[in-house]
$ cat coords10.cif   # mmCIF, C-alpha atoms
data_final
#
loop_
_atom_site.group_PDB
_atom_site.id
_atom_site.type_symbol
_atom_site.label_atom_id
_atom_site.label_comp_id
_atom_site.auth_asym_id
_atom_site.auth_seq_id
_atom_site.Cartn_x
_atom_site.Cartn_y
_atom_site.Cartn_z
ATOM 1 C CA GLY A 1 1.146 -13.985 -7.012
ATOM 2 C CA SER A 2 0.948 -10.995 -9.264
ATOM 3 C CA VAL A 3 -1.091 -7.832 -8.961
ATOM 4 C CA ARG A 4 -2.302 -5.488 -11.684
ATOM 5 C CA VAL A 5 -4.031 -2.207 -10.889
ATOM 6 C CA THR A 6 -5.992 -0.467 -13.623
ATOM 7 C CA ILE A 7 -7.023 3.151 -13.211
ATOM 8 C CA GLY A 8 -10.042 4.786 -14.832
ATOM 9 C CA ARG A 9 -9.508 7.761 -17.113
ATOM 10 C CA ASP A 10 -11.705 10.196 -15.169
ATOM 11 C CA PRO A 11 -9.854 12.869 -13.188
ATOM 12 C CA ALA A 12 -10.134 13.100 -9.408
ATOM 13 C CA PRO A 13 -12.998 15.244 -8.127
ATOM 14 C CA ALA A 14 -12.206 18.868 -7.385
ATOM 15 C CA GLU A 15 -11.701 19.911 -3.770
ATOM 16 C CA ALA A 16 -15.078 20.416 -2.099
ATOM 17 C CA PRO A 17 -15.964 24.056 -1.476
ATOM 18 C CA ALA A 18 -15.863 25.185 2.166
ATOM 19 C CA ASP A 19 -19.638 25.762 2.294
ATOM 20 C CA THR A 20 -20.546 22.141 1.426
ATOM 21 C CA PRO A 21 -20.963 19.260 3.913
ATOM 22 C CA ILE A 22 -17.668 17.718 2.760
ATOM 23 C CA GLY A 23 -15.893 21.090 2.957
ATOM 24 C CA ARG A 24 -17.199 21.730 6.463
ATOM 25 C CA GLU A 25 -16.282 18.250 7.716
ATOM 26 C CA TRP A 26 -12.817 18.566 6.123
ATOM 27 C CA ALA A 27 -12.312 21.892 7.945
ATOM 28 C CA SER A 28 -13.365 20.256 11.212
ATOM 29 C CA GLN A 29 -10.927 17.366 10.679
ATOM 30 C CA ARG A 30 -8.112 19.829 9.889
ATOM 31 C CA GLU A 31 -8.820 21.753 13.093
ATOM 32 C CA GLY A 32 -8.148 18.529 14.980
ATOM 33 C CA ASN A 33 -5.065 17.724 12.890
ATOM 34 C CA PRO A 34 -3.507 20.717 11.097
ATOM 35 C CA ARG A 35 -1.032 18.381 9.336
ATOM 36 C CA LEU A 36 -3.817 17.039 7.086
ATOM 37 C CA PHE A 37 -3.504 18.053 3.471
ATOM 38 C CA ASN A 38 -5.503 17.126 0.432
ATOM 39 C CA GLY A 39 -3.944 15.094 -2.343
ATOM 40 C CA HIS A 40 -4.855 12.489 -4.905
ATOM 41 C CA VAL A 41 -5.359 8.865 -3.881
ATOM 42 C CA LEU A 42 -6.492 5.746 -5.663
ATOM 43 C CA SER A 43 -9.917 4.491 -4.646
ATOM 44 C CA VAL A 44 -10.730 0.807 -5.196
ATOM 45 C CA VAL A 45 -13.758 0.195 -7.409
ATOM 46 C CA SER A 46 -13.515 -3.601 -7.614
ATOM 47 C CA LEU A 47 -11.269 -6.534 -6.706
ATOM 48 C CA ASP A 48 -10.776 -9.799 -8.578
ATOM 49 C CA PRO A 49 -8.449 -11.771 -6.260
ATOM 50 C CA PRO A 50 -8.111 -14.903 -8.442
ATOM 51 C CA LEU A 51 -6.840 -12.738 -11.314
ATOM 52 C CA GLY A 52 -4.874 -10.362 -9.080
ATOM 53 C CA HIS A 53 -6.743 -7.441 -10.635
ATOM 54 C CA ILE A 54 -7.700 -4.279 -8.772
ATOM 55 C CA ALA A 55 -9.743 -1.625 -10.594
ATOM 56 C CA CYS A 56 -9.387 1.906 -9.213
ATOM 57 C CA ARG A 57 -10.399 5.476 -9.855
ATOM 58 C CA ARG A 58 -8.677 8.702 -8.919
ATOM 59 C CA ASP A 59 -10.094 10.438 -5.862
ATOM 60 C CA THR A 60 -8.989 12.779 -3.096
ATOM 61 C CA TYR A 61 -7.731 12.358 0.443
ATOM 62 C CA GLN A 62 -10.288 14.962 1.516
ATOM 63 C CA ARG A 63 -13.132 12.660 0.429
ATOM 64 C CA LEU A 64 -11.520 9.728 2.279
ATOM 65 C CA VAL A 65 -10.991 11.571 5.569
ATOM 66 C CA VAL A 66 -14.572 12.825 5.942
ATOM 67 C CA GLN A 67 -15.792 9.238 6.235
ATOM 68 C CA PRO A 68 -17.560 7.716 8.119
ATOM 69 C CA ARG A 69 -19.472 10.904 8.999
ATOM 70 C CA LEU A 70 -20.144 11.511 5.297
ATOM 71 C CA GLN A 71 -20.240 8.554 2.942
ATOM 72 C CA THR A 72 -18.275 9.367 -0.201
ATOM 73 C CA GLY A 73 -17.576 5.820 -1.399
ATOM 74 C CA VAL A 74 -13.789 6.235 -1.243
ATOM 75 C CA ARG A 75 -11.910 3.023 -0.419
ATOM 76 C CA MET A 76 -8.217 3.892 -0.571
ATOM 77 C CA LEU A 77 -5.735 1.507 -2.172
ATOM 78 C CA ALA A 78 -2.843 0.984 0.255
ATOM 79 C CA VAL A 79 0.163 -1.266 0.724
ATOM 80 C CA THR A 80 1.186 -2.933 3.969
ATOM 81 C CA GLY A 81 4.562 -4.534 4.558
ATOM 82 C CA VAL A 82 4.995 -7.893 6.174
ATOM 83 C CA LEU A 83 8.711 -7.417 6.869
ATOM 84 C CA LEU A 84 10.614 -10.503 7.930
ATOM 85 C CA ALA A 85 14.128 -10.536 9.352
ATOM 86 C CA THR A 86 16.240 -13.394 10.650
ATOM 87 C CA ASP A 87 18.424 -12.857 13.712
ATOM 88 C CA ALA A 88 21.888 -14.319 14.333
ATOM 89 C CA HIS A 89 20.296 -17.461 15.810
ATOM 90 C CA GLY A 90 18.174 -18.133 12.730
ATOM 91 C CA THR A 91 14.907 -17.052 14.343
ATOM 92 C CA GLN A 92 12.538 -15.143 12.088
ATOM 93 C CA HIS A 93 10.892 -11.957 13.315
ATOM 94 C CA VAL A 94 8.098 -9.799 11.901
ATOM 95 C CA LEU A 95 8.299 -6.027 12.185
ATOM 96 C CA PHE A 96 5.476 -4.248 13.995
ATOM 97 C CA GLY A 97 5.223 -0.527 14.561
ATOM 98 C CA ARG A 98 3.132 1.621 16.828
ATOM 99 C CA ARG A 99 0.987 4.239 15.153
ATOM 100 C CA ALA A 100 1.364 7.820 16.286
ATOM 101 C CA PRO A 101 -1.449 9.011 18.559
ATOM 102 C CA GLY A 102 -2.634 11.741 16.152
ATOM 103 C CA VAL A 103 -3.045 9.702 12.959
ATOM 104 C CA ARG A 104 -6.389 9.518 11.161
ATOM 105 C CA ILE A 105 -7.310 6.065 12.477
ATOM 106 C CA TYR A 106 -6.031 3.506 15.006
ATOM 107 C CA GLY A 107 -3.884 6.066 16.840
ATOM 108 C CA GLY A 108 -1.469 4.467 19.319
ATOM 109 C CA GLN A 109 -2.197 0.912 18.175
ATOM 110 C CA TRP A 110 0.289 -1.660 16.870
ATOM 111 C CA GLU A 111 0.321 -2.683 13.212
ATOM 112 C CA LEU A 112 2.287 -4.523 10.594
ATOM 113 C CA GLY A 113 4.330 -1.999 8.826
ATOM 114 C CA PRO A 114 5.201 0.129 7.312
ATOM 115 C CA SER A 115 2.109 0.851 5.318
ATOM 116 C CA GLY A 116 0.623 3.697 3.376
ATOM 117 C CA GLY A 117 -1.818 4.809 0.741
ATOM 118 C CA VAL A 118 -0.821 4.440 -2.883
ATOM 119 C CA PRO A 119 -0.651 7.882 -4.473
ATOM 120 C CA ALA A 120 -2.456 8.360 -7.754
ATOM 121 C CA PRO A 121 0.032 8.414 -10.653
ATOM 122 C CA PRO A 122 -0.034 11.115 -13.338
ATOM 123 C CA PRO A 123 -3.240 11.123 -15.442
ATOM 124 C CA ALA A 124 -1.538 9.490 -18.439
ATOM 125 C CA VAL A 125 -0.769 6.375 -16.363
ATOM 126 C CA GLN A 126 -3.674 3.942 -16.384
ATOM 127 C CA GLU A 127 -2.029 0.830 -14.991
ATOM 128 C CA ILE A 128 0.425 0.025 -12.232
ATOM 129 C CA THR A 129 1.960 -3.325 -11.388
ATOM 130 C CA GLY A 130 2.882 -5.286 -8.306
ATOM 131 C CA ARG A 131 6.444 -4.073 -8.876
ATOM 132 C CA ASP A 132 5.212 -0.463 -8.662
ATOM 133 C CA LEU A 133 3.423 -1.296 -5.391
ATOM 134 C CA ALA A 134 6.590 -2.936 -4.029
ATOM 135 C CA GLU A 135 8.616 0.172 -4.946
ATOM 136 C CA HIS A 136 6.095 2.392 -3.146
ATOM 137 C CA LEU A 137 6.290 0.128 -0.090
ATOM 138 C CA ALA A 138 10.114 0.246 -0.208
ATOM 139 C CA ASP A 139 9.837 4.049 -0.127
ATOM 140 C CA GLU A 140 7.524 3.786 2.918
ATOM 141 C CA VAL A 141 10.041 1.482 4.653
ATOM 142 C CA GLU A 142 12.870 3.932 4.002
ATOM 143 C CA GLU A 143 10.766 6.921 5.114
ATOM 144 C CA GLU A 144 9.438 5.310 8.294
ATOM 145 C CA ILE A 145 12.322 3.146 9.538
ATOM 146 C CA GLY A 146 15.342 4.266 7.521
ATOM 147 C CA LEU A 147 16.068 0.953 5.787
ATOM 148 C CA ARG A 148 16.292 0.391 2.047
ATOM 149 C CA VAL A 149 14.646 -2.829 0.830
ATOM 150 C CA SER A 150 13.758 -4.177 -2.580
ATOM 151 C CA GLY A 151 11.435 -6.781 -3.983
ATOM 152 C CA GLY A 152 8.185 -7.718 -2.401
ATOM 153 C CA VAL A 153 5.650 -10.430 -3.072
ATOM 154 C CA PRO A 154 1.924 -9.746 -2.710
ATOM 155 C CA VAL A 155 0.427 -12.293 -0.309
ATOM 156 C CA ALA A 156 -3.045 -10.938 0.522
ATOM 157 C CA VAL A 157 -5.504 -8.106 0.136
ATOM 158 C CA VAL A 158 -7.122 -6.992 3.386
ATOM 159 C CA ARG A 159 -10.284 -4.901 3.430
ATOM 160 C CA ASP A 160 -10.273 -2.546 6.401
ATOM 161 C CA ARG A 161 -13.815 -1.232 6.727
ATOM 162 C CA ALA A 162 -12.966 1.187 9.552
ATOM 163 C CA ALA A 163 -10.100 2.789 7.612
ATOM 164 C CA CYS A 164 -12.016 2.632 4.297
ATOM 165 C CA SER A 165 -9.063 0.942 2.603
ATOM 166 C CA ASP A 166 -8.028 -2.158 0.725
ATOM 167 C CA ASP A 167 -4.427 -3.013 1.616
ATOM 168 C CA VAL A 168 -2.188 -5.139 -0.596
ATOM 169 C CA CYS A 169 -0.001 -6.973 1.927
ATOM 170 C CA MET A 170 3.474 -7.610 0.589
ATOM 171 C CA LEU A 171 6.051 -9.978 2.034
ATOM 172 C CA MET A 172 9.552 -8.485 2.149
ATOM 173 C CA HIS A 173 12.759 -9.813 3.704
ATOM 174 C CA LEU A 174 15.211 -7.566 5.519
ATOM 175 C CA GLY A 175 18.934 -8.380 5.309
#

$ encode --input "coords10.cif" --output "structure tokens"
Amino acid sequence: GSVRVTIGRDPAPAEAPADTPIGREWASQREGNPRLFNGHVLSVVSLDPPLGHIACRRDTYQRLVVQPRLQTGVRMLAVTGVLLATDAHGTQHVLFGRRAPGVRIYGGQWELGPSGGVPAPPPAVQEITGRDLAEHLADEVEEEIGLRVSGGVPVAVVRDRAACSDDVCMLMHLG
């Protein structure tokens, strides 16, 4: 159905100083993966599936990555594509992709995709829609596999405890 994401007014926390537990763990994670960079993410506060409502707050990627060693309470809002395509014989296929070995979690494993965290919008924006999520997913599809798609229907929300994320799964059809 439809999805509505509301975002609290509070700003994201500041980057943790290097001499704090979060700062030290972040530095350790960056040593293992120098491509890591801090940015703003949306962290899920609550879900109301029957109403299609997701309440979020602004947070940081730094506070997400240090989990599970340090519990920060960040549960990133993400989108995952369920991309369907029909071949010349009329058979439907679902796109799967293999994660790179050096990613934060599930390195080298297969997944529905593309997928990615939903970036926090500018502070003046306090609500995003399912259409906004579909547009973000379309950008992920173009970035990761080079195809431009549009539309997208939310079909499920999946809580991934290991990744500390709640993923809105969206059904999309490829040409």

$ residues_around --input "coords10.cif" --residues "Leu51 (chain A)" --least-positions-apart "5" --cutoff "9 Å" --atoms "all atoms listed in the file" --output "JSON, numbers by chain"
{"A": [2, 3, 4]}

$ resolve_selection --input "coords10.cif" --expression "the PyMOL selection byres ((chain A and resi 137) around 8)" --output "tab-separated table (two decimals) with C-alpha atoms, keeping the file's coordinate frame"
chain	number	residue	atom	x	y	z
A	79	VAL	CA	0.16	-1.27	0.72
A	80	THR	CA	1.19	-2.93	3.97
A	81	GLY	CA	4.56	-4.53	4.56
A	114	PRO	CA	5.20	0.13	7.31
A	115	SER	CA	2.11	0.85	5.32
A	116	GLY	CA	0.62	3.70	3.38
A	133	LEU	CA	3.42	-1.30	-5.39
A	134	ALA	CA	6.59	-2.94	-4.03
A	135	GLU	CA	8.62	0.17	-4.95
A	136	HIS	CA	6.10	2.39	-3.15
A	138	ALA	CA	10.11	0.25	-0.21
A	139	ASP	CA	9.84	4.05	-0.13
A	140	GLU	CA	7.52	3.79	2.92
A	141	VAL	CA	10.04	1.48	4.65

$ atom_distance --input "coords10.cif" --atom1 "CA of Leu171 (chain A)" --atom2 "CA of Val44 (chain A)"
21.2 Å

$ resolve_selection --input "coords10.cif" --expression "the PyMOL selection byres ((chain A and resi 84) around 12)" --output "PyMOL selection string"
chain A and resi 81-83+85-87+90-96+112-114+149+152+170-175

$ resolve_selection --input "coords10.cif" --expression "the PyMOL selection byres ((chain A and resi 52) around 12)" --output "list of chain:residue names"
A:Gly1, A:Ser2, A:Val3, A:Arg4, A:Val5, A:Thr6, A:Ser46, A:Leu47, A:Asp48, A:Pro49, A:Pro50, A:Leu51, A:His53, A:Ile54, A:Ala55, A:Thr129, A:Gly130, A:Pro154, A:Val155, A:Ala156, A:Val157, A:Val168

$ axis_aligned_box --input "coords10.cif" --around "region 38-50 of chain A" --padding-each-side "3 Å" --output "AutoDock Vina command-line options"
--center_x -8.9 --center_y 1.1 --center_z -4.1 --size_x 15.8 --size_y 38.0 --size_z 15.0

$ residues_around --input "coords10.cif" --residues "region 28-42 of chain A" --least-positions-apart "5" --cutoff "7 Å" --atoms "all atoms listed in the file" --output "VMD selection string"
chain A and resid 12 56 to 62 76 to 77 118 to 120

$ residues_around --input "coords10.cif" --residues "region 161-163 of chain A" --least-positions-apart "2" --cutoff "10 Å" --atoms "only C-alpha atoms" --output "PDB file with C-alpha atoms, keeping the file's coordinate frame"
ATOM      1  CA  LEU A  64     -11.520   9.728   2.279  1.00  0.00           C
ATOM      2  CA  VAL A  65     -10.991  11.571   5.569  1.00  0.00           C
ATOM      3  CA  GLN A  67     -15.792   9.238   6.235  1.00  0.00           C
ATOM      4  CA  PRO A  68     -17.560   7.716   8.119  1.00  0.00           C
ATOM      5  CA  ARG A  75     -11.910   3.023  -0.419  1.00  0.00           C
ATOM      6  CA  MET A  76      -8.217   3.892  -0.571  1.00  0.00           C
ATOM      7  CA  ARG A 104      -6.389   9.518  11.161  1.00  0.00           C
ATOM      8  CA  ILE A 105      -7.310   6.065  12.477  1.00  0.00           C
ATOM      9  CA  TYR A 106      -6.031   3.506  15.006  1.00  0.00           C
ATOM     10  CA  VAL A 158      -7.122  -6.992   3.386  1.00  0.00           C
ATOM     11  CA  ARG A 159     -10.284  -4.901   3.430  1.00  0.00           C
ATOM     12  CA  SER A 165      -9.063   0.942   2.603  1.00  0.00           C
ATOM     13  CA  ASP A 166      -8.028  -2.158   0.725  1.00  0.00           C
TER      14      ASP A 166
END

$ atom_distance --input "coords10.cif" --atom1 "CA of Gly146 (chain A)" --atom2 "CA of His89 (chain A)"
23.8 Å

$ atom_distance --input "coords10.cif" --atom1 "CA of Ala14 (chain A)" --atom2 "CA of Pro121 (chain A)"
16.4 Å

$ closest_residue --input "coords10.cif" --among "A:Ser150, A:Glu25, A:Arg63, A:Pro122" --to "Asp10 (chain A)" --atoms "all atoms listed in the file"
A:Pro122

$ closest_residue --input "coords10.cif" --among "A:Ile7, A:Arg99, A:Asp132, A:Gln71" --to "Pro21 (chain A)" --atoms "all atoms listed in the file"
A:Gln71

$ decode --input "coords10.cif" --residues "region 90-123 of chain A" --atoms "N, CA and C atoms" --output "short mmCIF file (atom, residue, chain, number, x, y, z; two decimals), in the first residue's frame"
data_model
loop_
_atom_site.label_atom_id
_atom_site.label_comp_id
_atom_site.auth_asym_id
_atom_site.auth_seq_id
_atom_site.Cartn_x
_atom_site.Cartn_y
_atom_site.Cartn_z
N GLY A 90 8.34 -15.07 -21.59
CA GLY A 90 7.27 -14.77 -20.64
C GLY A 90 7.55 -15.22 -19.22
N THR A 91 8.76 -15.70 -18.96
CA THR A 91 9.12 -16.16 -17.62
C THR A 91 9.61 -14.98 -16.79
N GLN A 92 9.06 -14.86 -15.58
CA GLN A 92 9.49 -13.78 -14.70
C GLN A 92 10.75 -14.17 -13.94
N HIS A 93 11.60 -13.19 -13.73
CA HIS A 93 12.84 -13.37 -12.98
C HIS A 93 12.95 -12.28 -11.94
N VAL A 94 13.62 -12.59 -10.83
CA VAL A 94 13.89 -11.62 -9.78
C VAL A 94 15.39 -11.37 -9.77
N LEU A 95 15.77 -10.10 -9.65
CA LEU A 95 17.18 -9.75 -9.64
C LEU A 95 17.78 -9.98 -8.25
N PHE A 96 18.90 -10.68 -8.22
CA PHE A 96 19.71 -10.83 -7.02
C PHE A 96 21.09 -10.28 -7.33
N GLY A 97 21.76 -9.79 -6.32
CA GLY A 97 23.12 -9.30 -6.49
C GLY A 97 23.99 -9.84 -5.37
N ARG A 98 25.26 -9.93 -5.64
CA ARG A 98 26.20 -10.40 -4.63
C ARG A 98 26.88 -9.20 -4.00
N ARG A 99 26.85 -9.16 -2.69
CA ARG A 99 27.47 -8.05 -1.96
C ARG A 99 28.99 -8.13 -2.08
N ALA A 100 29.62 -6.99 -2.13
CA ALA A 100 31.07 -6.93 -2.17
C ALA A 100 31.63 -7.52 -0.87
N PRO A 101 32.82 -8.10 -0.92
CA PRO A 101 33.37 -8.71 0.29
C PRO A 101 33.64 -7.72 1.42
N GLY A 102 33.93 -6.46 1.13
CA GLY A 102 34.32 -5.51 2.17
C GLY A 102 33.21 -4.64 2.72
N VAL A 103 31.94 -4.95 2.42
CA VAL A 103 30.85 -4.12 2.94
C VAL A 103 30.66 -4.34 4.43
N ARG A 104 29.92 -3.44 5.06
CA ARG A 104 29.75 -3.45 6.51
C ARG A 104 29.19 -4.76 7.04
N ILE A 105 28.26 -5.38 6.33
CA ILE A 105 27.63 -6.60 6.82
C ILE A 105 27.23 -7.49 5.64
N TYR A 106 27.26 -8.79 5.86
CA TYR A 106 26.89 -9.78 4.85
C TYR A 106 27.80 -9.77 3.63
N GLY A 107 29.06 -9.46 3.80
CA GLY A 107 30.00 -9.43 2.68
C GLY A 107 30.04 -10.74 1.92
N GLY A 108 29.95 -10.66 0.59
CA GLY A 108 30.02 -11.81 -0.29
C GLY A 108 28.73 -12.60 -0.41
N GLN A 109 27.68 -12.22 0.31
CA GLN A 109 26.44 -12.98 0.27
C GLN A 109 25.50 -12.40 -0.80
N TRP A 110 24.53 -13.22 -1.20
CA TRP A 110 23.54 -12.81 -2.20
C TRP A 110 22.37 -12.10 -1.50
N GLU A 111 21.78 -11.15 -2.23
CA GLU A 111 20.65 -10.40 -1.67
C GLU A 111 19.74 -9.92 -2.79
N LEU A 112 18.50 -9.62 -2.41
CA LEU A 112 17.64 -8.88 -3.31
C LEU A 112 18.29 -7.52 -3.50
N GLY A 113 18.07 -6.93 -4.61
CA GLY A 113 18.72 -5.64 -4.74
C GLY A 113 18.26 -4.92 -5.98
N PRO A 114 18.76 -3.79 -6.02
CA PRO A 114 19.63 -3.07 -5.10
C PRO A 114 18.91 -2.65 -3.82
N SER A 115 19.72 -2.19 -2.90
CA SER A 115 19.17 -1.69 -1.64
C SER A 115 20.11 -0.62 -1.11
N GLY A 116 19.62 0.12 -0.14
CA GLY A 116 20.48 1.13 0.46
C GLY A 116 19.75 1.92 1.52
N GLY A 117 20.53 2.53 2.39
CA GLY A 117 19.97 3.37 3.43
C GLY A 117 19.36 4.63 2.85
N VAL A 118 18.31 5.10 3.49
CA VAL A 118 17.64 6.32 3.07
C VAL A 118 18.35 7.49 3.73
N PRO A 119 18.91 8.39 2.93
CA PRO A 119 19.61 9.53 3.54
C PRO A 119 18.62 10.48 4.21
N ALA A 120 19.06 11.10 5.27
CA ALA A 120 18.21 12.08 5.95
C ALA A 120 18.05 13.30 5.04
N PRO A 121 16.82 13.78 4.87
CA PRO A 121 16.61 14.97 4.04
C PRO A 121 17.04 16.22 4.81
N PRO A 122 17.02 17.37 4.16
CA PRO A 122 17.36 18.61 4.86
C PRO A 122 16.48 18.80 6.11
N PRO A 123 16.98 19.52 7.11
CA PRO A 123 16.24 19.66 8.38
C PRO A 123 14.82 20.21 8.25
#
